[in-house]
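data.tsv follows (TSV, C-alpha atoms):
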```
chain	number	residue	atom	x	y	z
A	1	MET	CA	43.70	-8.23	-15.92
A	2	ILE	CA	46.26	-10.99	-16.48
A	3	GLN	CA	45.90	-14.26	-18.36
A	4	ARG	CA	48.24	-17.16	-17.67
A	5	HIS	CA	49.16	-19.85	-20.18
A	6	GLY	CA	50.65	-23.28	-19.60
A	7	PRO	CA	53.41	-24.69	-21.81
A	8	ASN	CA	52.62	-25.38	-25.44
A	9	GLU	CA	52.79	-29.17	-25.60
A	10	ARG	CA	51.86	-29.33	-29.30
A	11	GLY	CA	54.05	-26.74	-30.98
A	12	ARG	CA	56.06	-23.55	-30.62
A	13	ASP	CA	55.40	-20.18	-29.01
A	14	PHE	CA	56.44	-16.95	-30.71
A	15	LEU	CA	56.49	-13.32	-29.58
A	16	VAL	CA	55.93	-10.40	-31.92
A	17	GLY	CA	56.56	-6.67	-31.55
A	18	ASP	CA	54.13	-3.81	-32.21
A	19	ILE	CA	52.35	-4.65	-35.49
A	20	HIS	CA	50.64	-1.28	-36.15
A	21	GLY	CA	48.53	-2.40	-39.08
A	22	GLN	CA	51.34	-4.14	-40.97
A	23	TRP	CA	49.32	-7.19	-41.99
A	24	SER	CA	51.46	-8.28	-44.94
A	25	LEU	CA	54.69	-7.86	-43.00
A	26	LEU	CA	53.37	-10.03	-40.18
A	27	HIS	CA	52.32	-12.80	-42.51
A	28	ASP	CA	55.66	-12.68	-44.32
A	29	ARG	CA	57.42	-13.18	-40.99
A	30	LEU	CA	55.10	-16.02	-39.98
A	31	ASN	CA	55.58	-17.77	-43.31
A	32	ALA	CA	59.34	-17.43	-42.97
A	33	VAL	CA	59.33	-19.49	-39.76
A	34	GLY	CA	56.73	-21.99	-40.98
A	35	PHE	CA	54.18	-20.91	-38.38
A	36	ASP	CA	51.55	-23.64	-37.91
A	37	ARG	CA	48.21	-22.17	-36.84
A	38	GLN	CA	47.04	-25.57	-35.61
A	39	ARG	CA	49.97	-26.09	-33.23
A	40	ASP	CA	51.89	-22.87	-32.68
A	41	ARG	CA	50.88	-19.81	-30.63
A	42	LEU	CA	51.69	-16.17	-31.30
A	43	PHE	CA	51.90	-13.71	-28.38
A	44	SER	CA	51.74	-9.99	-29.14
A	45	VAL	CA	52.91	-7.04	-27.03
A	46	GLY	CA	49.93	-5.00	-28.25
A	47	ASP	CA	49.48	-2.01	-30.56
A	48	LEU	CA	47.91	-4.08	-33.30
A	49	ILE	CA	46.42	-0.92	-34.77
A	50	ASP	CA	47.15	2.63	-35.98
A	51	ARG	CA	49.61	4.08	-38.48
A	52	GLY	CA	49.05	1.14	-40.84
A	53	ALA	CA	46.26	0.85	-43.41
A	54	ASP	CA	45.44	-2.76	-42.47
A	55	SER	CA	44.69	-1.98	-38.84
A	56	LEU	CA	41.17	-3.42	-38.95
A	57	GLN	CA	42.51	-6.77	-40.18
A	58	CYS	CA	45.24	-6.72	-37.56
A	59	LEU	CA	42.73	-5.99	-34.80
A	60	SER	CA	40.71	-9.01	-35.92
A	61	LEU	CA	43.72	-11.19	-35.06
A	62	ALA	CA	42.70	-10.89	-31.41
A	63	LEU	CA	39.78	-13.20	-32.22
A	64	GLU	CA	41.96	-15.95	-33.70
A	65	PRO	CA	42.46	-19.04	-31.50
A	66	TRP	CA	46.26	-19.06	-32.09
A	67	PHE	CA	46.82	-15.35	-31.37
A	68	TYR	CA	47.23	-13.87	-27.87
A	69	ALA	CA	47.76	-10.13	-27.42
A	70	VAL	CA	47.98	-7.77	-24.50
A	71	ARG	CA	46.38	-4.38	-25.00
A	72	GLY	CA	48.52	-1.44	-25.94
A	73	ASN	CA	48.17	2.30	-25.61
A	74	HIS	CA	46.84	2.54	-29.18
A	75	GLU	CA	43.98	0.16	-28.45
A	76	MET	CA	43.15	2.36	-25.47
A	77	LEU	CA	43.30	5.55	-27.56
A	78	ALA	CA	40.76	3.92	-29.87
A	79	TYR	CA	38.71	2.81	-26.86
A	80	ASP	CA	38.55	6.36	-25.49
A	81	ALA	CA	37.43	7.69	-28.87
A	82	LEU	CA	34.89	4.99	-29.72
A	83	LEU	CA	33.72	3.20	-26.57
A	84	GLY	CA	34.84	4.89	-23.36
A	85	GLU	CA	33.49	7.74	-21.28
A	86	GLU	CA	35.15	10.22	-23.64
A	87	ARG	CA	33.68	8.69	-26.81
A	88	GLY	CA	32.47	11.27	-29.25
A	89	SER	CA	34.51	14.05	-27.67
A	90	LEU	CA	36.79	16.04	-29.96
A	91	LYS	CA	39.63	15.66	-27.48
A	92	ALA	CA	39.51	11.84	-27.55
A	93	ARG	CA	38.96	11.67	-31.31
A	94	ASP	CA	41.76	14.14	-32.06
A	95	ALA	CA	44.19	12.33	-29.74
A	96	TRP	CA	43.51	9.09	-31.58
A	97	MET	CA	43.69	10.59	-35.06
A	98	VAL	CA	46.96	12.41	-34.47
A	99	ASN	CA	48.45	9.13	-33.22
A	100	GLY	CA	47.55	7.15	-36.31
A	101	GLY	CA	43.84	6.42	-36.03
A	102	THR	CA	42.94	7.81	-39.47
A	103	TRP	CA	42.69	4.26	-40.85
A	104	ALA	CA	39.29	4.04	-39.12
A	105	LEU	CA	37.89	6.81	-41.32
A	106	GLU	CA	38.48	4.69	-44.40
A	107	ALA	CA	37.49	1.40	-42.78
A	108	GLY	CA	34.39	3.00	-41.28
A	109	LEU	CA	34.06	4.16	-37.70
A	110	ALA	CA	31.11	1.86	-37.04
A	111	GLU	CA	33.07	-1.18	-38.23
A	112	ALA	CA	36.14	-0.13	-36.25
A	113	GLN	CA	33.99	0.31	-33.15
A	114	MET	CA	32.38	-3.11	-33.58
A	115	MET	CA	35.72	-4.87	-34.05
A	116	LEU	CA	37.28	-3.07	-31.09
A	117	GLN	CA	34.33	-4.06	-28.91
A	118	GLN	CA	34.92	-7.72	-29.80
A	119	ALA	CA	38.71	-7.61	-29.60
A	120	LEU	CA	39.37	-5.79	-26.33
A	121	PRO	CA	37.95	-8.52	-24.04
A	122	CYS	CA	40.53	-10.84	-25.65
A	123	MET	CA	43.37	-8.42	-24.83
A	124	PRO	CA	44.20	-8.34	-21.10
A	125	TYR	CA	46.74	-5.89	-19.69
A	126	ALA	CA	49.24	-8.68	-19.07
A	127	ARG	CA	49.96	-12.30	-19.93
A	128	GLU	CA	52.26	-14.92	-18.47
A	129	ILE	CA	53.54	-18.00	-20.30
A	130	SER	CA	55.28	-21.10	-19.02
A	131	VAL	CA	58.29	-21.70	-21.27
A	132	ALA	CA	60.93	-24.38	-20.65
A	133	GLY	CA	60.07	-24.46	-16.95
A	134	LYS	CA	60.38	-20.68	-16.62
A	135	ARG	CA	57.84	-17.86	-16.40
A	136	LEU	CA	57.71	-15.25	-19.14
A	137	GLY	CA	55.58	-12.13	-18.66
A	138	ILE	CA	54.21	-9.78	-21.30
A	139	VAL	CA	52.97	-6.20	-20.96
A	140	HIS	CA	52.85	-3.50	-23.59
A	141	ALA	CA	55.15	-0.79	-22.24
A	142	GLU	CA	56.64	-1.16	-18.78
A	143	PRO	CA	56.22	-3.81	-16.07
A	144	PRO	CA	56.01	-3.04	-12.35
A	145	ALA	CA	59.14	-3.55	-10.24
A	146	ASP	CA	57.48	-6.64	-8.73
A	147	TRP	CA	55.57	-8.83	-11.17
A	148	ARG	CA	53.01	-9.65	-8.49
A	149	ASP	CA	51.76	-6.05	-8.83
A	150	VAL	CA	50.84	-6.60	-12.49
A	151	VAL	CA	47.33	-7.62	-11.41
A	152	THR	CA	46.63	-3.94	-10.76
A	153	PRO	CA	46.64	-2.20	-14.17
A	154	SER	CA	48.57	1.05	-14.39
A	155	GLN	CA	49.27	3.70	-16.98
A	156	ASP	CA	52.91	2.57	-16.93
A	157	GLN	CA	51.87	-0.79	-18.36
A	158	LEU	CA	50.43	1.05	-21.36
A	159	TRP	CA	52.59	4.19	-21.66
A	160	GLY	CA	55.67	3.90	-19.41
A	161	ARG	CA	59.20	4.58	-20.67
A	162	THR	CA	61.03	5.34	-17.41
A	163	ARG	CA	63.10	2.14	-17.37
A	164	ILE	CA	64.38	2.46	-20.92
A	165	ARG	CA	65.03	6.20	-20.67
A	166	ARG	CA	67.15	5.63	-17.58
A	167	GLY	CA	68.80	2.48	-18.91
A	168	ASP	CA	67.59	0.80	-15.72
A	169	GLU	CA	68.84	-2.80	-15.57
A	170	THR	CA	67.20	-3.63	-12.24
A	171	PRO	CA	65.45	-6.98	-12.81
A	172	VAL	CA	61.71	-7.26	-12.33
A	173	SER	CA	61.23	-9.51	-9.30
A	174	GLY	CA	58.84	-12.44	-9.17
A	175	ILE	CA	59.27	-13.40	-12.84
A	176	ASP	CA	62.07	-14.86	-14.95
A	177	ALA	CA	61.72	-12.43	-17.86
A	178	VAL	CA	59.30	-9.89	-19.31
A	179	VAL	CA	58.78	-8.93	-22.96
A	180	VAL	CA	57.54	-5.44	-23.88
A	181	GLY	CA	57.05	-3.23	-26.92
A	182	HIS	CA	55.96	0.43	-27.14
A	183	THR	CA	59.41	2.06	-27.36
A	184	ILE	CA	61.16	1.63	-30.71
A	185	VAL	CA	64.63	0.12	-30.48
A	186	GLU	CA	67.12	-0.44	-33.28
A	187	ARG	CA	67.36	-4.11	-32.35
A	188	PRO	CA	65.77	-6.27	-29.61
A	189	THR	CA	67.34	-5.10	-26.35
A	190	TRP	CA	67.66	-6.47	-22.80
A	191	LEU	CA	67.53	-4.20	-19.75
A	192	GLY	CA	67.87	-6.48	-16.77
A	193	ASN	CA	65.35	-9.24	-17.42
A	194	VAL	CA	63.09	-7.01	-19.57
A	195	HIS	CA	63.32	-7.54	-23.33
A	196	TYR	CA	62.26	-4.73	-25.72
A	197	ILE	CA	61.08	-5.99	-29.11
A	198	ASP	CA	59.39	-3.05	-30.87
A	199	THR	CA	61.63	-2.42	-33.87
A	200	GLY	CA	59.27	0.08	-35.51
A	201	ALA	CA	57.57	-2.06	-38.15
A	202	PHE	CA	55.40	0.78	-39.44
A	203	THR	CA	58.38	3.02	-40.21
A	204	THR	CA	61.39	0.68	-40.55
A	205	GLY	CA	59.76	-2.36	-42.12
A	206	ARG	CA	61.37	-4.49	-39.40
A	207	LEU	CA	58.94	-6.56	-37.36
A	208	THR	CA	60.59	-8.61	-34.63
A	209	LEU	CA	59.39	-12.19	-34.31
A	210	ILE	CA	61.22	-14.42	-31.84
A	211	GLU	CA	60.60	-17.94	-30.60
A	212	ALA	CA	59.95	-18.02	-26.86
A	213	HIS	CA	62.34	-20.92	-26.25
A	214	THR	CA	65.13	-19.00	-27.99
A	215	LEU	CA	64.45	-15.95	-25.85
A	216	MET	CA	64.31	-17.87	-22.58
A	217	SER	CA	67.43	-19.91	-23.33
A	218	GLY	CA	69.44	-16.70	-23.18
A	219	ILE	CA	68.33	-15.40	-19.79
A	220	ALA	CA	70.81	-17.58	-17.89
A	221	SER	CA	73.64	-15.49	-19.33
A	222	LEU	CA	72.12	-12.15	-18.37
A	223	PRO	CA	74.05	-10.09	-15.78
A	224	LEU	CA	71.26	-10.04	-13.18
```

Could you rewrite the structure in this file as structure tokens?
Amino acid sequence: MIQRHGPNERGRDFLVGDIHGQWSLLHDRLNAVGFDRQRDRLFSVGDLIDRGADSLQCLSLALEPWFYAVRGNHEMLAYDALLGEERGSLKARDAWMVNGGTWALEAGLAEAQMMLQQALPCMPYAREISVAGKRLGIVHAEPPADWRDVVTPSQDQLWGRTRIRRGDETPVSGIDAVVVGHTIVERPTWLGNVHYIDTGAFTTGRLTLIEAHTLMSGIASLPL
């Protein structure tokens, strides 16, 4: 349910917001920072798919050795429609389609199902990275109040927006910082020690990519 990563001794670590099928935009951002696939690592807050035409290609990123994603609510919408107990039901299919899953009709449902089946085991609900001697957590939507509880997956991790709707700056205990996506923000935003980085790539053309060291160097100044 959670995968932990030691420090990157060979290169840099980056974090990226919700990609939503924006393959070209992602690669433009990676090229801009000189991303080295042999040394650097890219951590994703999930929602690789839906709303963008290149969702199948983006989902295949989960199989790359330099790419590390957590699963988002859109991967789970696809799971329910294609692989889960509700697969084949009109309710599950309609819920996925209305939320951007129509790309799979063009790519082919069988191919989308096959890729999802390969990708999901590479996408745990949470990740934790060691960065500059500190611990950085990643979930898609909303972390638990105590990071130790992240080992028990919850709907909040995939769908939650309570913290950001309330403007809750209470820090998550048991972790130095947490990065999330899911809720679109005008610019990357801190609430306590939780950093929101979904800047709405599929609609705004802005895909947030931030180096982990840069992010962690700023937490000492946070009003926790």

If you count all atoms listed in the file, which residues fall within 10 Å of stretch 17-24 of chain A, apart from same-chain ones fewer than 4 positions away, as an NGL selection string? :A and (28-30 or 43-59 or 61 or 72 or 74 or 100 or 103 or 140 or 179-184 or 188 or 196-203 or 205-210)

Quick one: residues within 10 Å of A:Trp147, only C-alpha atoms, excluding same-chain residues fewer than 6 positions away - as a PyMOL selection string? chain A and resi 137+172-178

Report the centre and edge lengths, in Å to one decimal, of an axis-aligned box enclosing every atom of stretch 124-132 of chain A listed in the file, padded by 3 Å on each side, as AutoDock Vina command-line options.
```
--center_x 52.6 --center_y -15.1 --center_z -19.9 --size_x 22.7 --size_y 24.5 --size_z 8.8
```

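Using only C-alpha atoms, the contacts of A:Ser60 at a cut-off of 9 Å, with sequence neighbours closer than 4 positions omitted, comprise Ser55, Leu56, Glu64, Met115, Leu116, Gln118 and Ala119 of chain A.
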
Contacts of A:Arg39 at 6 Å or less, counting only C-alpha atoms, minus same-chain residues fewer than 2 places along, as a PDB file with C-alpha atoms, keeping the file's coordinate frame?
```
ATOM      1  CA  ARG A  10      51.860 -29.330 -29.300  1.00  0.00           C
ATOM      2  CA  GLY A  11      54.050 -26.740 -30.980  1.00  0.00           C
ATOM      3  CA  ASP A  36      51.550 -23.640 -37.910  1.00  0.00           C
ATOM      4  CA  ARG A  37      48.210 -22.170 -36.840  1.00  0.00           C
TER       5      ARG A  37
END
```

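Separating atom CA of A:Asp146 from atom CA of A:Met216 is a distance of 19.1 Å.
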
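Take atom CA of A:Val185 and atom CA of A:Leu42: the distance between them is 20.8 Å.
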
Set the distance at 9 Å and use only C-alpha atoms: which residues neighbour stretch 154-170 of chain A once local chain neighbours fewer than 3 positions away are removed? I'd like the list as a CSV table (one decimal) with C-alpha atoms, keeping the file's coordinate frame.
```csv
chain,number,residue,atom,x,y,z
A,71,ARG,CA,46.4,-4.4,-25.0
A,72,GLY,CA,48.5,-1.4,-25.9
A,73,ASN,CA,48.2,2.3,-25.6
A,74,HIS,CA,46.8,2.5,-29.2
A,76,MET,CA,43.2,2.4,-25.5
A,125,TYR,CA,46.7,-5.9,-19.7
A,126,ALA,CA,49.2,-8.7,-19.1
A,139,VAL,CA,53.0,-6.2,-21.0
A,140,HIS,CA,52.8,-3.5,-23.6
A,141,ALA,CA,55.2,-0.8,-22.2
A,142,GLU,CA,56.6,-1.2,-18.8
A,143,PRO,CA,56.2,-3.8,-16.1
A,144,PRO,CA,56.0,-3.0,-12.4
A,145,ALA,CA,59.1,-3.6,-10.2
A,150,VAL,CA,50.8,-6.6,-12.5
A,173,SER,CA,61.2,-9.5,-9.3
A,182,HIS,CA,56.0,0.4,-27.1
A,183,THR,CA,59.4,2.1,-27.4
A,190,TRP,CA,67.7,-6.5,-22.8
A,191,LEU,CA,67.5,-4.2,-19.8
A,192,GLY,CA,67.9,-6.5,-16.8
A,193,ASN,CA,65.4,-9.2,-17.4
A,194,VAL,CA,63.1,-7.0,-19.6
A,196,TYR,CA,62.3,-4.7,-25.7
A,223,PRO,CA,74.0,-10.1,-15.8
A,224,LEU,CA,71.3,-10.0,-13.2
```

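For the atom pair formed by atom CA of A:Leu215 and atom CA of A:Arg41, the distance is 14.9 Å, given to one decimal.
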
Hey, which of A:Leu63, A:Val70, A:Val33, A:Val98 ends up closest to A:Glu128? Count only C-alpha atoms. A:Val70
